[in-house]
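Structure file protein_26.cif (mmCIF, N, CA and C atoms) follows.
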data_model
loop_
_atom_site.label_atom_id
_atom_site.label_comp_id
_atom_site.auth_asym_id
_atom_site.auth_seq_id
_atom_site.Cartn_x
_atom_site.Cartn_y
_atom_site.Cartn_z
N MET A 1 -99.31 160.24 -54.14
CA MET A 1 -98.01 160.12 -54.78
C MET A 1 -96.97 160.75 -53.86
N ILE A 2 -95.84 160.14 -53.77
CA ILE A 2 -94.76 160.64 -52.94
C ILE A 2 -94.07 161.81 -53.66
N GLN A 3 -93.63 162.78 -52.90
CA GLN A 3 -92.98 163.96 -53.46
C GLN A 3 -91.46 163.82 -53.35
N GLU A 4 -90.74 164.56 -54.20
CA GLU A 4 -89.28 164.52 -54.19
C GLU A 4 -88.72 164.96 -52.84
N ALA A 5 -89.37 165.90 -52.18
CA ALA A 5 -88.90 166.36 -50.87
C ALA A 5 -88.95 165.22 -49.86
N GLU A 6 -89.98 164.37 -49.96
CA GLU A 6 -90.08 163.22 -49.06
C GLU A 6 -88.97 162.21 -49.34
N VAL A 7 -88.66 162.00 -50.62
CA VAL A 7 -87.58 161.08 -50.98
C VAL A 7 -86.24 161.61 -50.46
N ARG A 8 -86.01 162.91 -50.59
CA ARG A 8 -84.79 163.50 -50.08
C ARG A 8 -84.71 163.34 -48.55
N HIS A 9 -85.84 163.50 -47.88
CA HIS A 9 -85.87 163.35 -46.42
C HIS A 9 -85.57 161.90 -46.03
N ILE A 10 -86.16 160.93 -46.72
CA ILE A 10 -85.90 159.52 -46.46
C ILE A 10 -84.43 159.21 -46.70
N ALA A 11 -83.87 159.73 -47.79
CA ALA A 11 -82.45 159.52 -48.10
C ALA A 11 -81.57 160.11 -47.00
N LYS A 12 -81.94 161.26 -46.49
CA LYS A 12 -81.17 161.88 -45.42
C LYS A 12 -81.21 161.01 -44.16
N LEU A 13 -82.40 160.49 -43.82
CA LEU A 13 -82.52 159.62 -42.66
C LEU A 13 -81.68 158.35 -42.81
N ALA A 14 -81.59 157.85 -44.05
CA ALA A 14 -80.82 156.65 -44.33
C ALA A 14 -79.35 156.96 -44.60
N ARG A 15 -79.00 158.24 -44.49
CA ARG A 15 -77.64 158.70 -44.74
C ARG A 15 -77.15 158.32 -46.14
N LEU A 16 -78.04 158.57 -47.11
CA LEU A 16 -77.71 158.33 -48.51
C LEU A 16 -77.59 159.66 -49.23
N GLN A 17 -76.59 159.76 -50.09
CA GLN A 17 -76.46 160.95 -50.92
C GLN A 17 -77.00 160.60 -52.31
N LEU A 18 -78.05 161.29 -52.72
CA LEU A 18 -78.66 161.05 -54.01
C LEU A 18 -78.55 162.30 -54.87
N ASP A 19 -78.20 162.08 -56.14
CA ASP A 19 -78.20 163.23 -57.05
C ASP A 19 -79.63 163.43 -57.56
N ASP A 20 -79.85 164.47 -58.34
CA ASP A 20 -81.21 164.81 -58.79
C ASP A 20 -81.83 163.71 -59.64
N ALA A 21 -81.03 163.04 -60.46
CA ALA A 21 -81.56 161.96 -61.30
C ALA A 21 -82.00 160.78 -60.44
N GLU A 22 -81.23 160.46 -59.41
CA GLU A 22 -81.60 159.36 -58.52
C GLU A 22 -82.86 159.71 -57.73
N VAL A 23 -82.98 160.95 -57.29
CA VAL A 23 -84.18 161.38 -56.57
C VAL A 23 -85.40 161.21 -57.47
N ALA A 24 -85.29 161.61 -58.72
CA ALA A 24 -86.41 161.48 -59.66
C ALA A 24 -86.77 160.01 -59.88
N THR A 25 -85.75 159.17 -60.05
CA THR A 25 -85.98 157.73 -60.26
C THR A 25 -86.66 157.12 -59.04
N TYR A 26 -86.12 157.39 -57.86
CA TYR A 26 -86.67 156.80 -56.64
C TYR A 26 -88.06 157.35 -56.32
N THR A 27 -88.34 158.59 -56.70
CA THR A 27 -89.67 159.15 -56.50
C THR A 27 -90.69 158.35 -57.31
N GLN A 28 -90.35 158.05 -58.56
CA GLN A 28 -91.26 157.26 -59.40
C GLN A 28 -91.41 155.84 -58.85
N GLN A 29 -90.28 155.22 -58.50
CA GLN A 29 -90.33 153.83 -58.03
C GLN A 29 -91.09 153.71 -56.72
N LEU A 30 -90.81 154.59 -55.77
CA LEU A 30 -91.53 154.55 -54.50
C LEU A 30 -93.01 154.86 -54.69
N GLY A 31 -93.31 155.75 -55.61
CA GLY A 31 -94.71 156.05 -55.91
C GLY A 31 -95.45 154.82 -56.41
N ARG A 32 -94.81 154.06 -57.31
CA ARG A 32 -95.43 152.83 -57.81
C ARG A 32 -95.61 151.80 -56.70
N ILE A 33 -94.61 151.70 -55.82
CA ILE A 33 -94.70 150.75 -54.70
C ILE A 33 -95.86 151.13 -53.78
N LEU A 34 -95.96 152.41 -53.45
CA LEU A 34 -97.04 152.87 -52.57
C LEU A 34 -98.40 152.70 -53.23
N ASP A 35 -98.48 152.92 -54.54
CA ASP A 35 -99.74 152.67 -55.25
C ASP A 35 -100.14 151.20 -55.16
N PHE A 36 -99.15 150.31 -55.27
CA PHE A 36 -99.43 148.88 -55.19
C PHE A 36 -99.94 148.52 -53.79
N PHE A 37 -99.37 149.13 -52.75
CA PHE A 37 -99.87 148.89 -51.40
C PHE A 37 -101.32 149.35 -51.28
N GLY A 38 -101.66 150.42 -51.96
CA GLY A 38 -103.05 150.87 -51.98
C GLY A 38 -103.97 149.83 -52.60
N GLU A 39 -103.51 149.19 -53.68
CA GLU A 39 -104.28 148.12 -54.31
C GLU A 39 -104.44 146.94 -53.36
N LEU A 40 -103.36 146.60 -52.66
CA LEU A 40 -103.44 145.49 -51.71
C LEU A 40 -104.40 145.80 -50.57
N ALA A 41 -104.41 147.04 -50.11
CA ALA A 41 -105.29 147.43 -49.01
C ALA A 41 -106.76 147.35 -49.43
N ALA A 42 -107.03 147.45 -50.70
CA ALA A 42 -108.41 147.42 -51.19
C ALA A 42 -108.96 146.00 -51.28
N ILE A 43 -108.12 145.00 -51.17
CA ILE A 43 -108.56 143.61 -51.29
C ILE A 43 -109.32 143.21 -50.03
N ASP A 44 -110.45 142.55 -50.21
CA ASP A 44 -111.25 142.08 -49.08
C ASP A 44 -110.60 140.83 -48.49
N THR A 45 -110.13 140.91 -47.27
CA THR A 45 -109.49 139.78 -46.60
C THR A 45 -110.35 139.23 -45.46
N THR A 46 -111.62 139.52 -45.51
CA THR A 46 -112.53 139.01 -44.49
C THR A 46 -112.52 137.48 -44.54
N GLY A 47 -112.32 136.87 -43.38
CA GLY A 47 -112.31 135.41 -43.32
C GLY A 47 -110.97 134.78 -43.61
N VAL A 48 -109.97 135.57 -43.96
CA VAL A 48 -108.64 135.03 -44.22
C VAL A 48 -107.87 135.05 -42.90
N PRO A 49 -107.41 133.89 -42.42
CA PRO A 49 -106.71 133.87 -41.13
C PRO A 49 -105.36 134.59 -41.21
N LEU A 50 -105.00 135.22 -40.11
CA LEU A 50 -103.70 135.88 -40.03
C LEU A 50 -102.60 134.83 -40.01
N THR A 51 -101.49 135.14 -40.64
CA THR A 51 -100.34 134.22 -40.63
C THR A 51 -99.07 134.99 -40.36
N SER A 52 -98.13 134.32 -39.74
CA SER A 52 -96.83 134.94 -39.54
C SER A 52 -95.82 134.42 -40.55
N HIS A 53 -96.12 133.25 -41.15
CA HIS A 53 -95.25 132.65 -42.16
C HIS A 53 -96.13 132.09 -43.28
N PRO A 54 -95.69 132.22 -44.51
CA PRO A 54 -96.50 131.69 -45.61
C PRO A 54 -96.51 130.17 -45.68
N VAL A 55 -95.50 129.53 -45.09
CA VAL A 55 -95.43 128.07 -45.06
C VAL A 55 -95.26 127.63 -43.61
N PRO A 56 -95.70 126.42 -43.27
CA PRO A 56 -95.52 125.96 -41.89
C PRO A 56 -94.03 125.90 -41.52
N VAL A 57 -93.74 126.28 -40.28
CA VAL A 57 -92.37 126.28 -39.80
C VAL A 57 -92.22 125.18 -38.76
N ALA A 58 -91.19 124.37 -38.91
CA ALA A 58 -90.92 123.31 -37.94
C ALA A 58 -89.61 123.61 -37.23
N ASN A 59 -89.46 123.07 -36.05
CA ASN A 59 -88.24 123.26 -35.29
C ASN A 59 -87.07 122.61 -36.04
N ALA A 60 -86.04 123.37 -36.30
CA ALA A 60 -84.90 122.87 -37.06
C ALA A 60 -83.77 122.39 -36.16
N PHE A 61 -83.96 122.44 -34.86
CA PHE A 61 -82.90 122.05 -33.95
C PHE A 61 -82.92 120.55 -33.70
N ARG A 62 -81.77 119.98 -33.54
CA ARG A 62 -81.68 118.57 -33.21
C ARG A 62 -81.88 118.41 -31.71
N PRO A 63 -82.29 117.24 -31.27
CA PRO A 63 -82.45 117.04 -29.83
C PRO A 63 -81.09 117.02 -29.13
N ASP A 64 -81.08 117.47 -27.88
CA ASP A 64 -79.85 117.42 -27.10
C ASP A 64 -79.55 115.97 -26.74
N GLU A 65 -78.34 115.56 -27.06
CA GLU A 65 -77.91 114.21 -26.74
C GLU A 65 -76.50 114.29 -26.17
N VAL A 66 -76.25 113.48 -25.15
CA VAL A 66 -74.91 113.41 -24.59
C VAL A 66 -74.05 112.62 -25.57
N ARG A 67 -72.96 113.25 -25.99
CA ARG A 67 -72.03 112.59 -26.90
C ARG A 67 -70.62 112.87 -26.42
N PRO A 68 -69.68 112.03 -26.78
CA PRO A 68 -68.30 112.30 -26.36
C PRO A 68 -67.77 113.57 -27.05
N SER A 69 -67.01 114.33 -26.32
CA SER A 69 -66.45 115.55 -26.89
C SER A 69 -65.03 115.29 -27.39
N LEU A 70 -64.43 116.31 -27.97
CA LEU A 70 -63.06 116.17 -28.46
C LEU A 70 -62.10 116.02 -27.29
N PRO A 71 -61.00 115.30 -27.49
CA PRO A 71 -60.00 115.24 -26.43
C PRO A 71 -59.35 116.62 -26.23
N VAL A 72 -58.93 116.90 -25.01
CA VAL A 72 -58.34 118.20 -24.67
C VAL A 72 -57.16 118.51 -25.59
N GLU A 73 -56.36 117.53 -25.90
CA GLU A 73 -55.18 117.75 -26.76
C GLU A 73 -55.60 118.25 -28.15
N ALA A 74 -56.67 117.68 -28.69
CA ALA A 74 -57.14 118.09 -30.02
C ALA A 74 -57.70 119.51 -29.98
N VAL A 75 -58.39 119.84 -28.90
CA VAL A 75 -58.97 121.18 -28.78
C VAL A 75 -57.87 122.23 -28.66
N LEU A 76 -56.84 121.95 -27.90
CA LEU A 76 -55.77 122.91 -27.66
C LEU A 76 -54.70 122.90 -28.75
N ALA A 77 -54.80 121.99 -29.71
CA ALA A 77 -53.76 121.87 -30.73
C ALA A 77 -53.56 123.15 -31.52
N ASN A 78 -54.61 123.92 -31.78
CA ASN A 78 -54.50 125.15 -32.57
C ASN A 78 -54.52 126.41 -31.72
N ALA A 79 -54.50 126.26 -30.41
CA ALA A 79 -54.50 127.42 -29.53
C ALA A 79 -53.16 128.13 -29.60
N PRO A 80 -53.15 129.47 -29.69
CA PRO A 80 -51.88 130.18 -29.79
C PRO A 80 -51.03 130.08 -28.51
N GLN A 81 -51.69 130.07 -27.35
CA GLN A 81 -50.94 129.99 -26.09
C GLN A 81 -51.66 129.08 -25.10
N PRO A 82 -51.63 127.76 -25.31
CA PRO A 82 -52.27 126.90 -24.32
C PRO A 82 -51.47 126.91 -23.02
N GLU A 83 -52.18 126.76 -21.93
CA GLU A 83 -51.51 126.70 -20.63
C GLU A 83 -52.14 125.55 -19.86
N GLY A 84 -51.44 124.44 -19.81
CA GLY A 84 -52.00 123.24 -19.19
C GLY A 84 -53.18 122.76 -20.01
N ASP A 85 -54.32 122.59 -19.36
CA ASP A 85 -55.54 122.17 -20.05
C ASP A 85 -56.47 123.34 -20.37
N TYR A 86 -55.91 124.55 -20.45
CA TYR A 86 -56.73 125.75 -20.63
C TYR A 86 -56.21 126.61 -21.77
N PHE A 87 -57.05 127.53 -22.23
CA PHE A 87 -56.65 128.55 -23.20
C PHE A 87 -56.13 129.75 -22.42
N ARG A 88 -54.99 130.26 -22.81
CA ARG A 88 -54.48 131.49 -22.20
C ARG A 88 -54.95 132.64 -23.07
N VAL A 89 -55.59 133.61 -22.45
CA VAL A 89 -56.11 134.77 -23.18
C VAL A 89 -55.62 136.04 -22.51
N PRO A 90 -55.56 137.14 -23.23
CA PRO A 90 -55.11 138.38 -22.62
C PRO A 90 -56.09 138.86 -21.55
N ARG A 91 -55.58 139.50 -20.52
CA ARG A 91 -56.41 140.06 -19.46
C ARG A 91 -57.16 141.25 -20.03
N ILE A 92 -58.46 141.30 -19.76
CA ILE A 92 -59.26 142.41 -20.25
C ILE A 92 -59.80 143.26 -19.10
N LEU A 93 -59.79 142.74 -17.90
CA LEU A 93 -60.26 143.48 -16.74
C LEU A 93 -59.11 143.70 -15.77
N GLU A 94 -59.06 144.87 -15.22
CA GLU A 94 -58.06 145.16 -14.21
C GLU A 94 -58.58 144.72 -12.86
N THR A 95 -57.74 144.04 -12.08
CA THR A 95 -58.19 143.61 -10.74
C THR A 95 -57.53 144.42 -9.67
#
Same coordinates, now as structure tokens:
Amino acid sequence: MIQEAEVRHIAKLARLQLDDAEVATYTQQLGRILDFFGELAAIDTTGVPLTSHPVPVANAFRPDEVRPSLPVEAVLANAPQPEGDYFRVPRILET
């Protein structure tokens, strides 16, 4: 079972301020969670393959295809300070 001092230490690491009632509540809740992990650890998983995802994952990306892009005028239409065919941005590096 987890102790209140451990909950206070975890809260300090997480930069959380907990009052005494919250510490008591979280001590009970974390204790139940840790007990459940103990039950899970007791289950025989011999022969069960390791998985990284519970369901199969497929690539969600579309294939790269050459397509026409927006015209320069449309791209620069909302630019605050267009300059010719370019975006004008503030200088961030001193040369």
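Across chain A, DSSP run on the backbone finds strand (DSSP E or B) at Pro82, Glu83, Tyr86 and Phe87 of chain A.
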May I have the centre and edge lengths, in Å to one decimal, of an axis-aligned box around the listed atoms of region 53-69 of chain A with 6 Å added to every side, as AutoDock Vina command-line options?
--center_x -80.8 --center_y 122.6 --center_z -35.1 --size_x 43.5 --size_y 33.2 --size_z 33.1
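Using only C-alpha atoms, the shortest contact distance between Ile33 (chain A) and any of A:Val55, A:Leu13, A:Ala60, A:Ile2 is found at A:Ile2.
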Would you please extract all helix (DSSP H, G or I) residues from region 12-73 of chain A, as assigned by DSSP on the backbone, and give them as a PyMOL selection string? chain A and resi 12-13+20-41+72-73
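Between CA of Ala21 (chain A) and atom C of Glu4 (chain A) the interatomic distance comes to 11.5 Å.
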